[in-house]
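Novice: Next up, structure37.cif (mmCIF, C-alpha atoms).
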data_upload
loop_
_atom_site.group_PDB
_atom_site.id
_atom_site.type_symbol
_atom_site.label_atom_id
_atom_site.label_comp_id
_atom_site.auth_asym_id
_atom_site.auth_seq_id
_atom_site.Cartn_x
_atom_site.Cartn_y
_atom_site.Cartn_z
ATOM 1 C CA MET A 1 0.000 0.000 0.000
ATOM 2 C CA ALA A 2 1.463 3.335 -1.023
ATOM 3 C CA VAL A 3 1.149 6.084 1.526
ATOM 4 C CA ALA A 4 1.519 9.737 0.645
ATOM 5 C CA PRO A 5 4.190 11.432 2.732
ATOM 6 C CA SER A 6 3.044 13.991 5.255
ATOM 7 C CA PHE A 7 4.916 17.272 5.278
ATOM 8 C CA ALA A 8 2.918 18.878 8.039
ATOM 9 C CA HIS A 9 4.858 19.940 11.088
ATOM 10 C CA VAL A 10 3.160 18.676 14.216
ATOM 11 C CA GLU A 11 4.251 18.869 17.803
ATOM 12 C CA LEU A 12 2.941 16.431 20.412
ATOM 13 C CA ARG A 13 3.608 16.313 24.107
ATOM 14 C CA CYS A 14 3.644 12.684 25.191
ATOM 15 C CA GLY A 15 5.096 11.780 28.550
ATOM 16 C CA ARG A 16 7.901 14.174 29.360
ATOM 17 C CA GLN A 17 9.305 15.057 25.924
ATOM 18 C CA LEU A 18 8.317 17.202 22.962
ATOM 19 C CA TRP A 19 8.796 15.702 19.502
ATOM 20 C CA ASP A 20 8.876 17.006 15.975
ATOM 21 C CA VAL A 21 6.715 14.559 14.014
ATOM 22 C CA ARG A 22 7.463 13.901 10.348
ATOM 23 C CA PRO A 23 6.263 10.344 9.744
ATOM 24 C CA SER A 24 8.328 7.857 7.804
ATOM 25 C CA MET A 25 7.244 4.312 7.094
ATOM 26 C CA ARG A 26 9.694 2.529 9.372
ATOM 27 C CA ILE A 27 9.083 1.449 12.907
ATOM 28 C CA LYS A 28 11.124 -0.420 15.457
ATOM 29 C CA MET A 29 9.016 -2.704 17.645
ATOM 30 C CA GLN A 30 10.406 -3.931 20.922
ATOM 31 C CA THR A 31 9.288 -5.222 24.293
ATOM 32 C CA ALA A 32 8.195 -2.367 26.531
ATOM 33 C CA THR A 33 10.147 -1.583 29.670
ATOM 34 C CA VAL A 34 9.060 0.011 32.926
ATOM 35 C CA GLU A 35 10.550 3.259 31.601
ATOM 36 C CA ASP A 36 7.995 3.187 28.744
ATOM 37 C CA ALA A 37 4.977 2.964 31.078
ATOM 38 C CA LEU A 38 4.151 6.685 31.351
ATOM 39 C CA ASP A 39 4.503 7.187 27.603
ATOM 40 C CA ILE A 40 2.194 4.211 26.980
ATOM 41 C CA VAL A 41 -0.344 5.782 29.357
ATOM 42 C CA ALA A 42 -0.072 9.099 27.466
ATOM 43 C CA LEU A 43 -0.472 7.393 24.081
ATOM 44 C CA ARG A 44 -3.508 5.378 25.188
ATOM 45 C CA ALA A 45 -5.037 8.523 26.727
ATOM 46 C CA ALA A 46 -4.549 10.471 23.488
ATOM 47 C CA VAL A 47 -6.279 7.713 21.508
ATOM 48 C CA ALA A 48 -9.166 7.480 24.006
ATOM 49 C CA SER A 49 -9.565 11.260 23.918
ATOM 50 C CA LYS A 50 -9.680 11.373 20.127
ATOM 51 C CA LEU A 51 -12.215 8.543 19.910
ATOM 52 C CA THR A 52 -14.393 10.186 22.558
ATOM 53 C CA GLU A 53 -14.208 13.509 20.736
ATOM 54 C CA GLN A 54 -15.199 11.853 17.435
ATOM 55 C CA TYR A 55 -17.791 9.321 18.628
ATOM 56 C CA GLY A 56 -18.896 10.417 22.087
ATOM 57 C CA ARG A 57 -18.411 8.560 25.354
ATOM 58 C CA GLY A 58 -18.213 4.800 25.183
ATOM 59 C CA SER A 59 -16.122 1.820 26.246
ATOM 60 C CA TRP A 60 -13.243 3.365 24.279
ATOM 61 C CA SER A 61 -13.221 6.415 26.598
ATOM 62 C CA GLY A 62 -11.462 4.670 29.485
ATOM 63 C CA VAL A 63 -8.047 5.954 30.443
ATOM 64 C CA SER A 64 -5.126 3.745 31.419
ATOM 65 C CA THR A 65 -2.996 4.351 34.479
ATOM 66 C CA GLU A 66 0.665 3.666 35.098
ATOM 67 C CA LYS A 67 -0.362 0.960 37.570
ATOM 68 C CA GLY A 68 -2.546 -0.649 34.864
ATOM 69 C CA VAL A 69 0.244 -0.600 32.273
ATOM 70 C CA LEU A 70 2.686 -2.132 34.761
ATOM 71 C CA PHE A 71 0.087 -4.834 35.499
ATOM 72 C CA ASP A 72 -0.186 -5.477 31.732
ATOM 73 C CA MET A 73 3.605 -5.879 31.633
ATOM 74 C CA ARG A 74 3.469 -8.515 34.382
ATOM 75 C CA THR A 75 0.595 -10.507 32.872
ATOM 76 C CA SER A 76 1.354 -10.241 29.142
ATOM 77 C CA LYS A 77 3.991 -8.989 26.729
ATOM 78 C CA VAL A 78 3.598 -5.282 26.028
ATOM 79 C CA PHE A 79 5.281 -3.955 22.914
ATOM 80 C CA VAL A 80 6.109 -0.445 21.825
ATOM 81 C CA ALA A 81 6.766 0.788 18.309
ATOM 82 C CA TYR A 82 9.163 3.642 17.780
ATOM 83 C CA GLN A 83 9.628 5.839 14.761
ATOM 84 C CA LYS A 84 13.018 7.445 15.155
ATOM 85 C CA ASN A 85 13.027 8.100 18.926
ATOM 86 C CA ARG A 86 9.305 8.628 19.332
ATOM 87 C CA LEU A 87 6.740 6.167 20.668
ATOM 88 C CA VAL A 88 4.113 5.904 17.918
ATOM 89 C CA ALA A 89 2.214 2.729 18.827
ATOM 90 C CA THR A 90 1.737 0.121 21.505
ATOM 91 C CA LEU A 91 0.026 -3.240 21.835
ATOM 92 C CA ARG A 92 0.129 -6.323 23.955
ATOM 93 C CA LEU A 93 0.069 -10.066 23.367
ATOM 94 C CA THR A 94 -0.954 -12.793 25.757
ATOM 95 C CA ALA A 95 -1.555 -16.507 25.636
ATOM 96 C CA LYS A 96 -4.201 -16.194 28.367
ATOM 97 C CA LYS A 97 -7.738 -15.710 27.045
ATOM 98 C CA PRO A 98 -9.081 -12.260 27.942
ATOM 99 C CA TRP A 99 -12.354 -12.120 29.876
ATOM 100 C CA ALA A 100 -14.325 -10.539 26.987
ATOM 101 C CA ILE A 101 -13.483 -13.210 24.409
ATOM 102 C CA ASP A 102 -15.668 -16.258 23.825
ATOM 103 C CA ARG A 103 -13.520 -19.074 22.379
ATOM 104 C CA SER A 104 -16.509 -20.709 20.673
ATOM 105 C CA TYR A 105 -16.377 -18.110 17.863
ATOM 106 C CA PHE A 106 -12.822 -18.968 16.799
ATOM 107 C CA SER A 107 -11.171 -21.704 14.757
ATOM 108 C CA THR A 108 -9.432 -24.440 16.679
ATOM 109 C CA CYS A 109 -5.855 -23.491 17.528
ATOM 110 C CA ILE A 110 -3.381 -25.222 19.780
ATOM 111 C CA ARG A 111 -1.449 -22.067 20.724
ATOM 112 C CA PRO A 112 -3.444 -18.888 19.968
ATOM 113 C CA LEU A 113 -2.229 -15.485 21.083
ATOM 114 C CA TYR A 114 -4.569 -12.624 21.881
ATOM 115 C CA LEU A 115 -3.820 -9.144 20.553
ATOM 116 C CA LEU A 116 -4.987 -6.465 22.975
ATOM 117 C CA SER A 117 -4.737 -2.735 23.615
ATOM 118 C CA MET A 118 -3.388 -1.762 20.207
ATOM 119 C CA ALA A 119 -3.073 2.002 19.903
ATOM 120 C CA VAL A 120 -1.462 4.267 17.302
ATOM 121 C CA ALA A 121 -0.788 7.949 17.972
ATOM 122 C CA PRO A 122 -3.917 9.759 16.724
ATOM 123 C CA GLU A 123 -2.116 12.186 14.407
ATOM 124 C CA LEU A 124 -0.268 9.274 12.762
ATOM 125 C CA GLN A 125 -3.286 7.048 12.119
ATOM 126 C CA ARG A 126 -4.130 6.169 8.506
ATOM 127 C CA GLN A 127 -0.470 6.375 7.524
ATOM 128 C CA GLY A 128 0.422 2.676 7.654
ATOM 129 C CA ILE A 129 1.828 2.400 11.176
ATOM 130 C CA GLY A 130 -0.950 0.081 12.334
ATOM 131 C CA ARG A 131 -0.315 -2.215 9.363
ATOM 132 C CA LEU A 132 3.404 -2.246 10.117
ATOM 133 C CA CYS A 133 2.616 -3.142 13.732
ATOM 134 C CA LEU A 134 0.467 -6.071 12.605
ATOM 135 C CA GLU A 135 3.262 -7.321 10.333
ATOM 136 C CA GLU A 136 5.582 -7.263 13.338
ATOM 137 C CA VAL A 137 2.938 -9.024 15.447
ATOM 138 C CA LYS A 138 2.806 -11.854 12.899
ATOM 139 C CA LYS A 139 6.599 -12.260 13.102
ATOM 140 C CA ILE A 140 6.516 -12.220 16.911
ATOM 141 C CA CYS A 141 3.698 -14.772 16.993
ATOM 142 C CA ARG A 142 5.520 -17.168 14.679
ATOM 143 C CA GLN A 143 8.602 -16.989 16.933
ATOM 144 C CA TRP A 144 6.566 -17.283 20.176
ATOM 145 C CA PRO A 145 5.460 -19.910 18.758
ATOM 146 C CA ALA A 146 1.748 -19.409 18.144
ATOM 147 C CA ASP A 147 -0.567 -20.783 15.475
ATOM 148 C CA GLY A 148 -3.202 -18.055 15.521
ATOM 149 C CA ILE A 149 -3.906 -14.462 16.492
ATOM 150 C CA ARG A 150 -7.256 -13.577 18.040
ATOM 151 C CA LEU A 151 -8.684 -10.196 18.958
ATOM 152 C CA ASP A 152 -11.810 -8.242 19.599
ATOM 153 C CA ALA A 153 -12.718 -4.751 18.427
ATOM 154 C CA TYR A 154 -15.586 -2.500 19.397
ATOM 155 C CA ASP A 155 -18.550 -3.240 17.151
ATOM 156 C CA ALA A 156 -19.310 0.467 16.874
ATOM 157 C CA PRO A 157 -18.236 3.389 14.701
ATOM 158 C CA ALA A 158 -15.298 3.921 17.100
ATOM 159 C CA GLY A 159 -14.130 0.333 16.539
ATOM 160 C CA ALA A 160 -11.365 -0.878 14.247
ATOM 161 C CA SER A 161 -13.258 -3.680 12.476
ATOM 162 C CA GLN A 162 -12.634 -2.327 8.974
ATOM 163 C CA PHE A 163 -8.935 -1.902 9.730
ATOM 164 C CA TYR A 164 -8.481 -5.509 10.897
ATOM 165 C CA GLY A 165 -10.456 -6.819 7.922
ATOM 166 C CA LYS A 166 -8.261 -4.859 5.494
ATOM 167 C CA CYS A 167 -5.182 -6.268 7.227
ATOM 168 C CA GLY A 168 -6.187 -9.869 6.524
ATOM 169 C CA PHE A 169 -7.964 -10.791 9.733
ATOM 170 C CA ARG A 170 -11.108 -12.865 9.342
ATOM 171 C CA ASP A 171 -14.293 -11.625 10.983
ATOM 172 C CA VAL A 172 -15.589 -14.593 12.997
ATOM 173 C CA GLY A 173 -18.602 -13.107 14.731
ATOM 174 C CA ARG A 174 -20.253 -10.621 17.019
ATOM 175 C CA ALA A 175 -20.944 -10.771 20.732
ATOM 176 C CA SER A 176 -21.756 -8.449 23.583
ATOM 177 C CA TYR A 177 -19.910 -8.493 26.851
ATOM 178 C CA ARG A 178 -21.362 -6.496 29.772
ATOM 179 C CA GLY A 179 -23.286 -4.346 27.314
ATOM 180 C CA CYS A 180 -20.264 -3.668 25.113
ATOM 181 C CA PRO A 181 -20.764 -4.861 21.497
ATOM 182 C CA LEU A 182 -17.690 -6.645 20.171
ATOM 183 C CA ALA A 183 -16.514 -7.976 16.818
ATOM 184 C CA TYR A 184 -14.161 -10.967 16.941
ATOM 185 C CA PHE A 185 -11.310 -11.437 14.447
ATOM 186 C CA GLU A 186 -8.668 -14.088 13.870
ATOM 187 C CA MET A 187 -5.699 -14.867 11.719
ATOM 188 C CA ILE A 188 -4.451 -18.436 11.466
ATOM 189 C CA LEU A 189 -0.672 -18.598 11.069
#
I'd like the structure from this file rewritten - as structure tokens, please.

Specialist:
Amino acid sequence: MAVAPSFAHVELRCGRQLWDVRPSMRIKMQTATVEDALDIVALRAAVASKLTEQYGRGSWSGVSTEKGVLFDMRTSKVFVAYQKNRLVATLRLTAKKPWAIDRSYFSTCIRPLYLLSMAVAPELQRQGIGRLCLEEVKKICRQWPADGIRLDAYDAPAGASQFYGKCGFRDVGRASYRGCPLAYFEMIL
């Protein structure tokens, strides 16, 4: 997919630093460290704020805390994607089934991994960073080793269902968990 370069000068305060943002199409994905926690919180908050501004309050409006991110790091693998020296995306992978996922919707896998909490800096969305993250996720999953990737997305205008479909994930069904409509997706590796 060809992406037009962006020449706009944008400044974003995320965590404790100010960055000059001129997107390129390369990212470096690595395991998050404790030092990344506050920047992950800031990135997730920026995404939640943008979604709330666009679509109103919903399940997507929740804000992470440093304590929550550190918990994620203890219970799953949290990854960060950098472009130059700037955090541009984050996600996490876990072999443990999340509470909101119903296994009965998915194909049989021996070692599935669950993709959770994926977030791309709002001003960099629709520029290919999310796709690059998913390509890295596939590589990570094959090395884990895993034989499938499962995820859920909000089944609402604020959700990322179209994005995951365009990235090769198969839509396997819809469910509601505690009043939150979800769309389930998978990719068999």

Novice: Report as JSON, numbers by chain the residues that result from applying the PyMOL selection byres ((chain A and resi 152) around 12) to the structure here.

Specialist: {"A": [97, 98, 99, 100, 101, 102, 103, 105, 106, 114, 115, 116, 117, 118, 149, 150, 151, 153, 154, 155, 156, 159, 160, 161, 164, 165, 169, 170, 171, 172, 173, 174, 175, 176, 177, 180, 181, 182, 183, 184, 185, 186, 187]}

Novice: May I have a table of the residues of range 65-85 of chain A lying at most 8 Å from range 34-43 of chain A, giving each one's closest pair of atoms and their distance in Å to one decimal, counting all atoms listed in the file, ordered by chain and ascending residue number, as CSV?

Specialist:
residue,atom,partner,partner_atom,distance
A:Thr65,CA,A:Val41,CA,5.9
A:Glu66,CA,A:Ala37,CA,5.9
A:Val69,CA,A:Ala37,CA,6.0
A:Leu70,CA,A:Ala37,CA,6.7
A:Val80,CA,A:Ile40,CA,8.0

Novice: What is the CA of Thr75 in chain A-CA of Val137 in chain A distance in Å, reported with one decimal?

Specialist: 17.6 Å

Novice: With distances taken over only C-alpha atoms, which of A:Pro122, A:Leu189, A:Lys166, A:Val78 is nearest to Glu53 in chain A?

Specialist: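 Looking only at the distances to Glu53 in chain A, the closest residue turns out to be A:Pro122.
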
Novice: Give as a ChimeraX atom specification the residues that the PyMOL selection byres ((chain A and resi 89) around 7) matches when applied to the coordinates above.

Specialist: /A:80-81,87-88,90,119-121

Novice: In Å, with one decimal, what is the gap from CA of Leu91 in chain A to CA of Asp147 in chain A?

Specialist: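 Interatomic distance here is 18.7 Å.
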
Novice: Range 37-40 of chain A, all listed atoms, 5 Å padding on each side: what axis-aligned box centre and edge lengths in Å to one decimal come out, as JSON?

Specialist:
{"center_x": 3.6, "center_y": 5.1, "center_z": 29.2, "size_x": 12.8, "size_y": 14.2, "size_z": 14.4}

Novice: Between A:Ala48, A:Leu134, A:Met25, A:Val63, which one has atoms that come closest to Lys84 in chain A, using all atoms listed in the file?

Specialist: A:Met25

Novice: Enter the distance from CA of Lys67 in chain A to CA of Gly179 in chain A, in Å, rounded to one decimal.

Specialist: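 According to the coordinates, CA of Lys67 in chain A and CA of Gly179 in chain A are separated by 25.7 Å.
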
Novice: Pick out the closest residue to Pro145 in chain A from this set: A:Ile110, A:Thr31, A:Arg74, A:Val47. Count all atoms listed in the file.

Specialist: A:Ile110

Novice: Name the closest residue to Thr94 in chain A among the candidates A:Gln125, A:Cys109, A:Ile188, A:Ala146; distances are taken between atoms, counting only C-alpha atoms.

Specialist: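 Smallest distance to Thr94 in chain A is found for A:Ala146.
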
Novice: Counting all atoms listed in the file, which residue out of A:Gly148, A:Phe79, A:Pro157, A:Gln30 sits closest to Gln54 in chain A?

Specialist: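 Result for the nearest residue to Gln54 in chain A: A:Pro157.
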